[in-house]
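Novice: After the structure tokens below, expect a handful of questions from me.
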Amino acid sequence: MDHLLRRLLTKFICRGSISFTTASGAKFTCGDGTGDPVHARFVTAEAERSILLNPELALGEAFMDGTFVVERGTIADALAILMGQPDALPSWARPHWWGRYFARRFNQFNPRRRSRSNVAHHYDLDGRLYSLFLDADKQYSCAYFETPEISLDDAQLAKKRHLAAKLLAGRGQRILDIGSGWGGLGLYLAEIAGANVTGITLSTEQLHVSNARAAEANLTLSARFLMQDYRDVEGPFDRIVSVGMFEHVGVDHYDTFFKRCAELLTDEGVMMLHSIGRSEGPDSTNPWIAKYIFPGGYIPALSEVLPSIERAGLLVCDIEILRLHYAETLKAWRERFMARREEAVQLYDERFARMWEFYLAASEMSFRKQNMMNFQIQFAKRQDAVPMTRDYIARGEAQLRAREQRSQPRFKLAGE
């Protein structure tokens, strides 16, 4: 086993410097010696066999179980090396990839009941977990770093401001927020833009918090949150926004999603879609992420999304690609989580804490090393729904920033 492990890992890892100790005590080093050295240890022969057979699934499981241990550096350092190789996958892992790719439409089949179950798996965890690492507004999506040095809280506020400006959100408009999370964006659009917002979610935890926050901010007349599937919403709406929800729709449902959005949007309306995306074409969901973090989830390529927008009769007005913004967001989340890691252990257990540590580190490195990105697509039904040039975005942000400064106090989570 030692010889096979060394031969395969040495062939795959040609950048960086990472040393391994096998379960039997043998040691070897891989890479070209660049960067800070990392040392990892296989605790059991079973972990070695599992990782050789199916590395994309088994590495995360071995780390969770404590049978793959990073003794010098962190799991984030190890994943930066492993995910920064010229080949995204070891050659011996490709048969598993092909199997997942051909089965991906089945795995992403998300009718109403399955969608709700998938959402509950992740978003109905103990709300205190998310408070360990998210910003004060509980924005659980890519922040917008206007400058590299701004804080996570300011970057998340900038994200809401950026989206509101692109929406041309205004007083009295009816706005639908599909996948409204803990209500932060909807409350922002109601308070700062003066809109009448309907937010929909499939998470009972998020629904409770969102409505409690609206009541606490005296915004119940202009911001309401419902437990509802996007397929069952009744319109019309002047504006539609969806942030961090599209990754849960599934490829076979893209046509349904955009056709429903087109039906809900007024003829003069504007929609903003903010989603994680792939820069290198269609793929399959990482099996560890699908099993433990986001069942039924899939990160789309633009080539999979744009045809459905076109078939729905919607006009793409603007596309913006946010490349390293999510890497920086996830870095901030990971650092915050690690600073309060013992609280996560108290909420769940050590294995859960290791799972979350691996999830945040692997997600960060997928954006930093493997060409994941976020896209913001603006679309409408009419060519003249938005101005001809993008100058209006900066002007809108300036106006919203001035309103934020006059709005006190800032939003907080219910009960804080």
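To be explicit about the labels: the chains of the structure tokens are called A, B, and onward in the order shown, and within each one the residues are counted from 1, while ligands get numbers from 1 in the order they are shown.
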I want to know what sits within 12 Å of Phe257 (chain A), based on only C-alpha atoms, with residues of the same chain fewer than 3 positions away left out; could you give that as an mmCIF file with C-alpha atoms, in the first residue's frame?
Specialist:
```cif
data_model
loop_
_atom_site.group_PDB
_atom_site.id
_atom_site.type_symbol
_atom_site.label_atom_id
_atom_site.label_comp_id
_atom_site.auth_asym_id
_atom_site.auth_seq_id
_atom_site.Cartn_x
_atom_site.Cartn_y
_atom_site.Cartn_z
ATOM 1 C CA ASN A 110 -35.665 18.814 -7.313
ATOM 2 C CA PRO A 111 -39.470 18.659 -7.210
ATOM 3 C CA ILE A 178 -36.477 34.263 -4.199
ATOM 4 C CA ASP A 229 -41.678 27.456 -3.528
ATOM 5 C CA TYR A 230 -40.881 29.794 -6.414
ATOM 6 C CA ARG A 231 -43.173 27.700 -8.617
ATOM 7 C CA ASP A 232 -46.178 28.612 -6.455
ATOM 8 C CA VAL A 233 -45.726 32.380 -6.116
ATOM 9 C CA SER A 242 -32.444 35.889 -6.201
ATOM 10 C CA MET A 245 -30.669 30.149 -4.309
ATOM 11 C CA PHE A 246 -30.168 29.203 -7.959
ATOM 12 C CA GLU A 247 -27.518 26.631 -7.010
ATOM 13 C CA HIS A 248 -30.372 24.552 -5.568
ATOM 14 C CA VAL A 249 -32.660 24.635 -8.626
ATOM 15 C CA GLY A 250 -31.115 21.807 -10.683
ATOM 16 C CA VAL A 251 -30.305 21.754 -14.403
ATOM 17 C CA ASP A 252 -33.571 20.101 -15.438
ATOM 18 C CA HIS A 253 -35.538 22.883 -13.738
ATOM 19 C CA TYR A 254 -33.774 25.910 -15.275
ATOM 20 C CA ARG A 260 -41.877 31.365 -13.981
ATOM 21 C CA CYS A 261 -39.769 34.476 -13.395
ATOM 22 C CA ALA A 262 -40.851 35.813 -16.776
ATOM 23 C CA GLU A 263 -44.506 35.229 -15.847
ATOM 24 C CA LEU A 264 -44.067 37.012 -12.516
ATOM 25 C CA LEU A 273 -29.756 36.678 -10.425
ATOM 26 C CA VAL A 305 -27.945 29.123 -17.756
ATOM 27 C CA SER A 308 -32.867 28.878 -20.504
ATOM 28 C CA ILE A 309 -33.024 32.651 -20.065
ATOM 29 C CA ARG A 311 -36.017 30.351 -24.087
ATOM 30 C CA ALA A 312 -38.033 32.156 -21.414
ATOM 31 C CA LEU A 314 -35.990 37.350 -21.259
#
```
Novice: Can you work out the spacing between CA of Met355 (chain A) and CA of Ala80 (chain A) in Å, to one decimal?
Specialist: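 According to the coordinates, CA of Met355 (chain A) and CA of Ala80 (chain A) are separated by 17.0 Å.
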Novice: Can you work out which one of A:Gly186, A:Gly235, A:Gly127, A:Gly194 has the shortest atom-to-atom distance to Gln173 (chain A), counting only C-alpha atoms?
Specialist: A:Gly194
Novice: Tell me which protein, DNA and RNA residues are within 12 Å of region 343-347 of chain A, counting only C-alpha atoms, leaving out same-chain ones fewer than 4 positions away, and put them as number ranges by chain.
Specialist: A: 125-133, 336-339, 351-357
Novice: Write the residues you've just listed into a file as an mmCIF file, in the first residue's frame, and include N, CA, C and O atoms for each of them.
Specialist:
```cif
data_model
loop_
_atom_site.group_PDB
_atom_site.id
_atom_site.type_symbol
_atom_site.label_atom_id
_atom_site.label_comp_id
_atom_site.auth_asym_id
_atom_site.auth_seq_id
_atom_site.Cartn_x
_atom_site.Cartn_y
_atom_site.Cartn_z
ATOM 1 N N LEU A 125 -30.260 23.943 10.322
ATOM 2 C CA LEU A 125 -29.362 23.655 11.433
ATOM 3 C C LEU A 125 -29.565 24.695 12.526
ATOM 4 O O LEU A 125 -30.192 25.733 12.307
ATOM 5 N N ASP A 126 -29.015 24.432 13.684
ATOM 6 C CA ASP A 126 -29.118 25.373 14.799
ATOM 7 C C ASP A 126 -28.638 26.760 14.352
ATOM 8 O O ASP A 126 -27.514 26.908 13.858
ATOM 9 N N GLY A 127 -29.505 27.756 14.494
ATOM 10 C CA GLY A 127 -29.175 29.097 14.030
ATOM 11 C C GLY A 127 -27.926 29.664 14.654
ATOM 12 O O GLY A 127 -27.257 30.532 14.060
ATOM 13 N N ARG A 128 -27.561 29.177 15.845
ATOM 14 C CA ARG A 128 -26.359 29.679 16.506
ATOM 15 C C ARG A 128 -25.097 29.303 15.742
ATOM 16 O O ARG A 128 -24.071 29.987 15.867
ATOM 17 N N LEU A 129 -25.162 28.223 14.958
ATOM 18 C CA LEU A 129 -23.995 27.834 14.170
ATOM 19 C C LEU A 129 -23.607 28.943 13.197
ATOM 20 O O LEU A 129 -22.434 29.319 13.090
ATOM 21 N N TYR A 130 -24.579 29.470 12.476
ATOM 22 C CA TYR A 130 -24.292 30.495 11.476
ATOM 23 C C TYR A 130 -23.821 31.794 12.111
ATOM 24 O O TYR A 130 -23.048 32.550 11.512
ATOM 25 N N SER A 131 -24.262 32.050 13.331
ATOM 26 C CA SER A 131 -23.816 33.253 14.024
ATOM 27 C C SER A 131 -22.338 33.188 14.391
ATOM 28 O O SER A 131 -21.731 34.221 14.676
ATOM 29 N N LEU A 132 -21.749 31.992 14.364
ATOM 30 C CA LEU A 132 -20.333 31.853 14.686
ATOM 31 C C LEU A 132 -19.442 32.485 13.622
ATOM 32 O O LEU A 132 -18.332 32.917 13.936
ATOM 33 N N PHE A 133 -19.918 32.522 12.365
ATOM 34 C CA PHE A 133 -18.993 32.953 11.315
ATOM 35 C C PHE A 133 -19.559 33.962 10.318
ATOM 36 O O PHE A 133 -18.799 34.592 9.574
ATOM 37 N N ARG A 336 -13.311 33.206 11.089
ATOM 38 C CA ARG A 336 -14.263 33.441 12.173
ATOM 39 C C ARG A 336 -14.704 32.119 12.806
ATOM 40 O O ARG A 336 -14.824 32.022 14.033
ATOM 41 N N PHE A 337 -14.965 31.141 11.974
ATOM 42 C CA PHE A 337 -15.383 29.844 12.495
ATOM 43 C C PHE A 337 -14.290 29.234 13.368
ATOM 44 O O PHE A 337 -14.568 28.721 14.460
ATOM 45 N N MET A 338 -13.047 29.274 12.902
ATOM 46 C CA MET A 338 -11.958 28.670 13.658
ATOM 47 C C MET A 338 -11.738 29.383 14.988
ATOM 48 O O MET A 338 -11.346 28.760 15.981
ATOM 49 N N ALA A 339 -11.995 30.695 15.018
ATOM 50 C CA ALA A 339 -11.842 31.438 16.265
ATOM 51 C C ALA A 339 -12.875 31.015 17.307
ATOM 52 O O ALA A 339 -12.652 31.171 18.516
ATOM 53 N N ARG A 351 -16.775 15.810 15.331
ATOM 54 C CA ARG A 351 -16.844 15.387 13.930
ATOM 55 C C ARG A 351 -17.564 16.433 13.096
ATOM 56 O O ARG A 351 -17.163 16.740 11.970
ATOM 57 N N PHE A 352 -18.664 17.001 13.630
ATOM 58 C CA PHE A 352 -19.379 18.041 12.906
ATOM 59 C C PHE A 352 -18.485 19.259 12.710
ATOM 60 O O PHE A 352 -18.481 19.870 11.629
ATOM 61 N N ALA A 353 -17.731 19.634 13.726
ATOM 62 C CA ALA A 353 -16.846 20.795 13.611
ATOM 63 C C ALA A 353 -15.784 20.562 12.545
ATOM 64 O O ALA A 353 -15.456 21.475 11.773
ATOM 65 N N ARG A 354 -15.243 19.345 12.483
ATOM 66 C CA ARG A 354 -14.260 19.038 11.439
ATOM 67 C C ARG A 354 -14.913 19.072 10.061
ATOM 68 O O ARG A 354 -14.302 19.509 9.078
ATOM 69 N N MET A 355 -16.156 18.609 9.966
ATOM 70 C CA MET A 355 -16.884 18.663 8.701
ATOM 71 C C MET A 355 -17.025 20.113 8.232
ATOM 72 O O MET A 355 -16.783 20.428 7.066
ATOM 73 N N TRP A 356 -17.405 20.995 9.150
ATOM 74 C CA TRP A 356 -17.603 22.387 8.773
ATOM 75 C C TRP A 356 -16.278 23.056 8.421
ATOM 76 O O TRP A 356 -16.196 23.880 7.503
ATOM 77 N N GLU A 357 -15.231 22.700 9.138
ATOM 78 C CA GLU A 357 -13.900 23.233 8.840
ATOM 79 C C GLU A 357 -13.463 22.827 7.437
ATOM 80 O O GLU A 357 -12.950 23.646 6.658
#
```
Novice: List as a PyMOL selection string the protein and nucleic acid residues near Arg323 (chain A), meaning an atom at most 12 Å away when only C-alpha atoms are counted, but skip any in the same chain fewer than 3 places from it.
Specialist: chain A and resi 142-145+275-279+320+326-329+364+366-376
Novice: For the residues in the current selection, export N, CA and C atoms as a compact mmCIF listing (two decimals), in the first residue's frame.
Specialist:
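Resulting contents of part.txt:
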```txt
# COMPACT_ATOMS: atom_id res chain seq x y z
N CYS A 142 -21.87 35.33 -1.39
CA CYS A 142 -20.64 36.06 -1.72
C CYS A 142 -20.77 37.55 -1.41
N ALA A 143 -19.83 38.08 -0.65
CA ALA A 143 -19.77 39.51 -0.36
C ALA A 143 -19.14 40.25 -1.55
N TYR A 144 -19.20 41.57 -1.50
CA TYR A 144 -18.68 42.40 -2.58
C TYR A 144 -17.62 43.32 -1.99
N PHE A 145 -16.35 42.96 -2.23
CA PHE A 145 -15.24 43.71 -1.64
C PHE A 145 -14.87 44.88 -2.55
N SER A 275 -25.47 34.11 -8.44
CA SER A 275 -25.25 32.68 -8.22
C SER A 275 -23.77 32.35 -8.31
N ILE A 276 -23.38 31.28 -7.64
CA ILE A 276 -22.06 30.70 -7.89
C ILE A 276 -22.07 30.11 -9.29
N GLY A 277 -20.92 30.17 -9.97
CA GLY A 277 -20.85 29.63 -11.32
C GLY A 277 -19.50 28.98 -11.60
N ARG A 278 -19.46 28.24 -12.69
CA ARG A 278 -18.23 27.59 -13.16
C ARG A 278 -17.70 28.33 -14.38
N SER A 279 -16.39 28.52 -14.42
CA SER A 279 -15.78 29.20 -15.56
C SER A 279 -15.35 28.25 -16.66
N GLU A 320 -22.04 40.42 -14.76
CA GLU A 320 -20.82 40.76 -14.04
C GLU A 320 -20.28 39.49 -13.40
N TYR A 326 -15.63 35.68 -3.61
CA TYR A 326 -16.11 34.61 -2.74
C TYR A 326 -14.96 33.93 -2.00
N ALA A 327 -13.79 33.87 -2.63
CA ALA A 327 -12.62 33.32 -1.92
C ALA A 327 -12.35 34.14 -0.66
N GLU A 328 -12.42 35.47 -0.79
CA GLU A 328 -12.19 36.34 0.36
C GLU A 328 -13.32 36.22 1.38
N THR A 329 -14.55 36.07 0.90
CA THR A 329 -15.68 35.87 1.81
C THR A 329 -15.50 34.60 2.62
N GLU A 364 -13.39 27.61 -0.11
CA GLU A 364 -12.50 28.74 -0.38
C GLU A 364 -11.50 28.39 -1.48
N SER A 366 -11.72 26.19 -3.81
CA SER A 366 -12.33 26.00 -5.13
C SER A 366 -12.43 27.32 -5.88
N PHE A 367 -12.60 28.43 -5.14
CA PHE A 367 -12.62 29.75 -5.78
C PHE A 367 -11.22 30.31 -5.98
N ARG A 368 -10.32 29.98 -5.08
CA ARG A 368 -8.97 30.53 -5.16
C ARG A 368 -8.10 29.77 -6.14
N LYS A 369 -8.36 28.47 -6.29
CA LYS A 369 -7.46 27.61 -7.07
C LYS A 369 -8.10 26.97 -8.29
N GLN A 370 -9.44 26.84 -8.34
CA GLN A 370 -10.05 26.03 -9.38
C GLN A 370 -11.08 26.77 -10.23
N ASN A 371 -10.99 28.05 -10.33
CA ASN A 371 -11.77 28.83 -11.29
C ASN A 371 -13.28 28.81 -11.08
N MET A 372 -13.71 28.63 -9.84
CA MET A 372 -15.10 28.93 -9.52
C MET A 372 -15.25 30.45 -9.46
N MET A 373 -16.45 30.94 -9.64
CA MET A 373 -16.70 32.38 -9.60
C MET A 373 -18.16 32.59 -9.21
N ASN A 374 -18.54 33.85 -9.08
CA ASN A 374 -19.95 34.22 -8.96
C ASN A 374 -20.34 35.05 -10.16
N PHE A 375 -21.56 34.88 -10.61
CA PHE A 375 -22.05 35.76 -11.67
C PHE A 375 -23.31 36.48 -11.19
N GLN A 376 -23.46 37.69 -11.66
CA GLN A 376 -24.68 38.47 -11.47
C GLN A 376 -25.22 38.77 -12.85
```
Novice: What's the separation between CA of Ala45 (chain A) and CA of Gly33 (chain A), in Å to one decimal place?
Specialist: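 Calculated distance between CA of Ala45 (chain A) and CA of Gly33 (chain A) is 26.6 Å.
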Novice: Would you tabulate, counting only C-alpha atoms, all residues of region 212-329 of chain A that have an atom at most 9 Å from an atom of region 158-163 of chain A, showing the closest pair of atoms and their distance in Å to one decimal, sorted by chain then ascending number, as a tab-separated table?
Specialist:
```
residue	atom	partner	partner_atom	distance
A:Val241	CA	A:Leu163	CA	8.2
A:Met272	CA	A:Leu163	CA	7.2
A:His274	CA	A:Leu163	CA	8.7
```
Novice: Keeping N, CA, C and O atoms, export the residues of the selection given above as a PDB file, in the first residue's frame.
Specialist:
```pdb
ATOM      1  N   VAL A 241     -35.356  39.477  -7.382  1.00  0.00           N
ATOM      2  CA  VAL A 241     -33.946  39.250  -7.072  1.00  0.00           C
ATOM      3  C   VAL A 241     -33.801  37.861  -6.459  1.00  0.00           C
ATOM      4  O   VAL A 241     -34.690  37.391  -5.745  1.00  0.00           O
ATOM      5  N   MET A 272     -32.521  40.475 -11.045  1.00  0.00           N
ATOM      6  CA  MET A 272     -31.108  40.217 -10.789  1.00  0.00           C
ATOM      7  C   MET A 272     -30.952  38.797 -10.244  1.00  0.00           C
ATOM      8  O   MET A 272     -31.607  38.421  -9.278  1.00  0.00           O
ATOM      9  N   HIS A 274     -28.057  36.297  -8.749  1.00  0.00           N
ATOM     10  CA  HIS A 274     -26.704  36.201  -8.194  1.00  0.00           C
ATOM     11  C   HIS A 274     -26.472  34.749  -7.823  1.00  0.00           C
ATOM     12  O   HIS A 274     -27.203  34.184  -7.006  1.00  0.00           O
TER      13      HIS A 274
END
```
Novice: As a ChimeraX atom specification, please: every residue in region 183-264 of chain A that a backbone DSSP assignment puts in alpha helix (DSSP H).
Specialist: /A:184-191,204-216,254-264
Novice: Write to file, as a compact mmCIF listing (two decimals), in the first residue's frame, the residues of the selection just made, with N, CA, C and O atoms.
Specialist:
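As written to disk, part.txt reads:
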```txt
# COMPACT_ATOMS: atom_id res chain seq x y z
N GLY A 184 -32.04 39.60 5.31
CA GLY A 184 -31.23 40.82 5.26
C GLY A 184 -31.42 41.65 4.01
O GLY A 184 -31.59 42.87 4.09
N LEU A 185 -31.40 41.02 2.84
CA LEU A 185 -31.56 41.78 1.60
C LEU A 185 -32.96 42.34 1.49
O LEU A 185 -33.15 43.50 1.10
N GLY A 186 -33.98 41.54 1.83
CA GLY A 186 -35.35 42.03 1.76
C GLY A 186 -35.58 43.22 2.68
O GLY A 186 -36.24 44.19 2.30
N LEU A 187 -35.05 43.17 3.90
CA LEU A 187 -35.19 44.28 4.83
C LEU A 187 -34.45 45.52 4.32
O LEU A 187 -34.92 46.65 4.49
N TYR A 188 -33.31 45.31 3.70
CA TYR A 188 -32.56 46.43 3.12
C TYR A 188 -33.38 47.11 2.02
O TYR A 188 -33.49 48.33 1.97
N LEU A 189 -33.97 46.30 1.15
CA LEU A 189 -34.74 46.87 0.04
C LEU A 189 -35.99 47.59 0.55
O LEU A 189 -36.42 48.59 -0.03
N ALA A 190 -36.57 47.09 1.63
CA ALA A 190 -37.75 47.74 2.20
C ALA A 190 -37.37 49.04 2.91
O ALA A 190 -38.01 50.08 2.71
N GLU A 191 -36.34 48.99 3.74
CA GLU A 191 -35.96 50.15 4.55
C GLU A 191 -35.24 51.23 3.74
O GLU A 191 -35.59 52.40 3.78
N THR A 204 -37.66 26.66 7.55
CA THR A 204 -38.48 27.13 8.67
C THR A 204 -37.67 28.01 9.61
O THR A 204 -38.19 28.99 10.16
N GLU A 205 -36.41 27.69 9.80
CA GLU A 205 -35.54 28.49 10.66
C GLU A 205 -35.39 29.90 10.10
O GLU A 205 -35.52 30.90 10.82
N GLN A 206 -35.11 30.01 8.80
CA GLN A 206 -34.93 31.32 8.18
C GLN A 206 -36.24 32.11 8.17
O GLN A 206 -36.24 33.33 8.36
N LEU A 207 -37.35 31.42 7.94
CA LEU A 207 -38.65 32.09 7.92
C LEU A 207 -38.93 32.76 9.26
O LEU A 207 -39.35 33.92 9.33
N HIS A 208 -38.71 32.02 10.34
CA HIS A 208 -38.97 32.55 11.68
C HIS A 208 -38.12 33.78 11.95
O HIS A 208 -38.61 34.81 12.42
N VAL A 209 -36.83 33.69 11.66
CA VAL A 209 -35.92 34.80 11.93
C VAL A 209 -36.28 36.01 11.07
O VAL A 209 -36.30 37.15 11.55
N SER A 210 -36.58 35.79 9.79
CA SER A 210 -36.89 36.90 8.88
C SER A 210 -38.10 37.70 9.35
O SER A 210 -38.07 38.94 9.40
N ASN A 211 -39.16 37.01 9.67
CA ASN A 211 -40.38 37.72 10.11
C ASN A 211 -40.18 38.38 11.46
O ASN A 211 -40.73 39.46 11.72
N ALA A 212 -39.39 37.76 12.34
CA ALA A 212 -39.10 38.38 13.63
C ALA A 212 -38.29 39.66 13.43
O ALA A 212 -38.53 40.68 14.10
N ARG A 213 -37.36 39.64 12.50
CA ARG A 213 -36.56 40.84 12.23
C ARG A 213 -37.43 41.95 11.62
O ARG A 213 -37.24 43.13 11.93
N ALA A 214 -38.33 41.57 10.73
CA ALA A 214 -39.22 42.57 10.13
C ALA A 214 -40.08 43.24 11.20
O ALA A 214 -40.27 44.46 11.19
N ALA A 215 -40.58 42.43 12.14
CA ALA A 215 -41.39 42.99 13.22
C ALA A 215 -40.55 43.90 14.11
O ALA A 215 -41.00 44.99 14.51
N GLU A 216 -39.35 43.49 14.42
CA GLU A 216 -38.47 44.27 15.29
C GLU A 216 -38.11 45.60 14.66
O GLU A 216 -37.93 46.61 15.37
N TYR A 254 -34.13 24.55 -14.90
CA TYR A 254 -33.77 25.91 -15.28
C TYR A 254 -34.85 26.55 -16.15
O TYR A 254 -35.21 27.72 -15.95
N ASP A 255 -35.37 25.81 -17.11
CA ASP A 255 -36.42 26.36 -17.96
C ASP A 255 -37.65 26.75 -17.13
O ASP A 255 -38.23 27.82 -17.31
N THR A 256 -38.03 25.87 -16.21
CA THR A 256 -39.17 26.17 -15.33
C THR A 256 -38.92 27.42 -14.51
O THR A 256 -39.81 28.28 -14.38
N PHE A 257 -37.72 27.54 -13.97
CA PHE A 257 -37.38 28.68 -13.12
C PHE A 257 -37.51 29.99 -13.90
O PHE A 257 -38.18 30.93 -13.46
N PHE A 258 -36.88 30.07 -15.05
CA PHE A 258 -36.87 31.34 -15.78
C PHE A 258 -38.23 31.65 -16.42
O PHE A 258 -38.62 32.81 -16.51
N LYS A 259 -38.94 30.63 -16.84
CA LYS A 259 -40.28 30.87 -17.38
C LYS A 259 -41.21 31.41 -16.29
O LYS A 259 -42.03 32.30 -16.53
N ARG A 260 -41.05 30.86 -15.08
CA ARG A 260 -41.88 31.37 -13.98
C ARG A 260 -41.49 32.80 -13.64
O ARG A 260 -42.37 33.63 -13.37
N CYS A 261 -40.21 33.10 -13.65
CA CYS A 261 -39.77 34.48 -13.40
C CYS A 261 -40.32 35.42 -14.45
O CYS A 261 -40.75 36.54 -14.14
N ALA A 262 -40.31 34.98 -15.70
CA ALA A 262 -40.85 35.81 -16.78
C ALA A 262 -42.34 36.07 -16.57
O ALA A 262 -42.84 37.17 -16.83
N GLU A 263 -43.07 35.06 -16.11
CA GLU A 263 -44.51 35.23 -15.85
C GLU A 263 -44.76 36.19 -14.69
O GLU A 263 -45.74 36.94 -14.69
N LEU A 264 -43.87 36.18 -13.70
CA LEU A 264 -44.07 37.01 -12.52
C LEU A 264 -43.62 38.45 -12.71
O LEU A 264 -44.05 39.35 -11.99
```
Novice: May I have the residues within 6 Å of Leu176 (chain A) as a PDB file with N, CA and C atoms, in the first residue's frame, using only C-alpha atoms and disregarding those fewer than 3 positions away in the same chain?
Specialist:
```pdb
ATOM      1  N   VAL A 197     -41.591  44.382  -0.229  1.00  0.00           N
ATOM      2  CA  VAL A 197     -40.832  43.162  -0.501  1.00  0.00           C
ATOM      3  C   VAL A 197     -41.590  41.929  -0.027  1.00  0.00           C
ATOM      4  N   THR A 198     -41.601  40.912  -0.892  1.00  0.00           N
ATOM      5  CA  THR A 198     -42.052  39.574  -0.513  1.00  0.00           C
ATOM      6  C   THR A 198     -40.862  38.642  -0.641  1.00  0.00           C
ATOM      7  N   GLY A 199     -40.456  38.057   0.465  1.00  0.00           N
ATOM      8  CA  GLY A 199     -39.359  37.093   0.439  1.00  0.00           C
ATOM      9  C   GLY A 199     -39.889  35.687   0.613  1.00  0.00           C
ATOM     10  N   ILE A 240     -37.458  41.424  -9.376  1.00  0.00           N
ATOM     11  CA  ILE A 240     -37.209  40.115  -8.788  1.00  0.00           C
ATOM     12  C   ILE A 240     -35.709  40.011  -8.535  1.00  0.00           C
TER      13      ILE A 240
END
```
Novice: Rounded to one decimal, what separation in Å do you get between CA of Met271 (chain A) and CA of Phe379 (chain A)?
Specialist: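 CA of Phe379 (chain A) lies at a distance of 5.4 Å from CA of Met271 (chain A).
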Novice: Do you know which residues are at most 10 Å from Ala76 (chain A) counting only C-alpha atoms, after dropping those on the same chain fewer than 5 positions away, and could you put them as a PyMOL selection string?
Specialist: chain A and resi 70+81-82+331+334+357-365
Novice: Could you write out that same residue set with C-alpha atoms as a compact mmCIF listing (two decimals), in the first residue's frame?
Specialist:
```
# COMPACT_ATOMS: atom_id res chain seq x y z
CA VAL A 70 -2.74 17.68 9.05
CA ILE A 81 -1.87 22.43 -2.50
CA LEU A 82 -4.09 19.51 -3.45
CA LYS A 331 -11.60 33.07 4.09
CA ARG A 334 -13.29 30.20 7.92
CA GLU A 357 -13.90 23.23 8.84
CA PHE A 358 -13.33 21.07 5.76
CA TYR A 359 -16.37 22.55 3.99
CA LEU A 360 -15.25 26.16 4.44
CA ALA A 361 -11.63 25.41 3.51
CA ALA A 362 -12.50 23.33 0.43
CA SER A 363 -15.02 25.93 -0.75
CA GLU A 364 -12.50 28.74 -0.38
CA MET A 365 -9.87 26.85 -2.37
```
Novice: Counting only C-alpha atoms, which residue out of A:Pro300, A:Pro282, A:Gly269, A:Pro90 sits closest to Leu168 (chain A)?
Specialist: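 Closest residue, counting only C-alpha atoms: A:Gly269.
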Novice: Please provide as a list of chain:residue names all residues within 9 Å of Arg401 (chain A), with the sequence filter that same-chain residues fewer than 3 positions apart are discarded (counting only C-alpha atoms).
Specialist: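 Near Arg401 (chain A), the qualifying residues are A:Ala158, A:Arg161, A:Ile192, A:Gly396, A:Glu397, A:Ala398, A:Glu404, A:Gln405, A:Arg406.
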Novice: Output as a ChimeraX atom specification all residues of region 175-395 of chain A that backbone DSSP marks as strand (DSSP E).
Specialist: /A:175-178,196-201,223-227,237-243,265-278,315-322,372-380
Novice: Restricting the calculation to only C-alpha atoms: of A:Ser151, A:Thr34, A:His39, A:Thr44, which residue gets closest to Asp2 (chain A)?
Specialist: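 Distance minimum relative to Asp2 (chain A) lands on A:Thr44.
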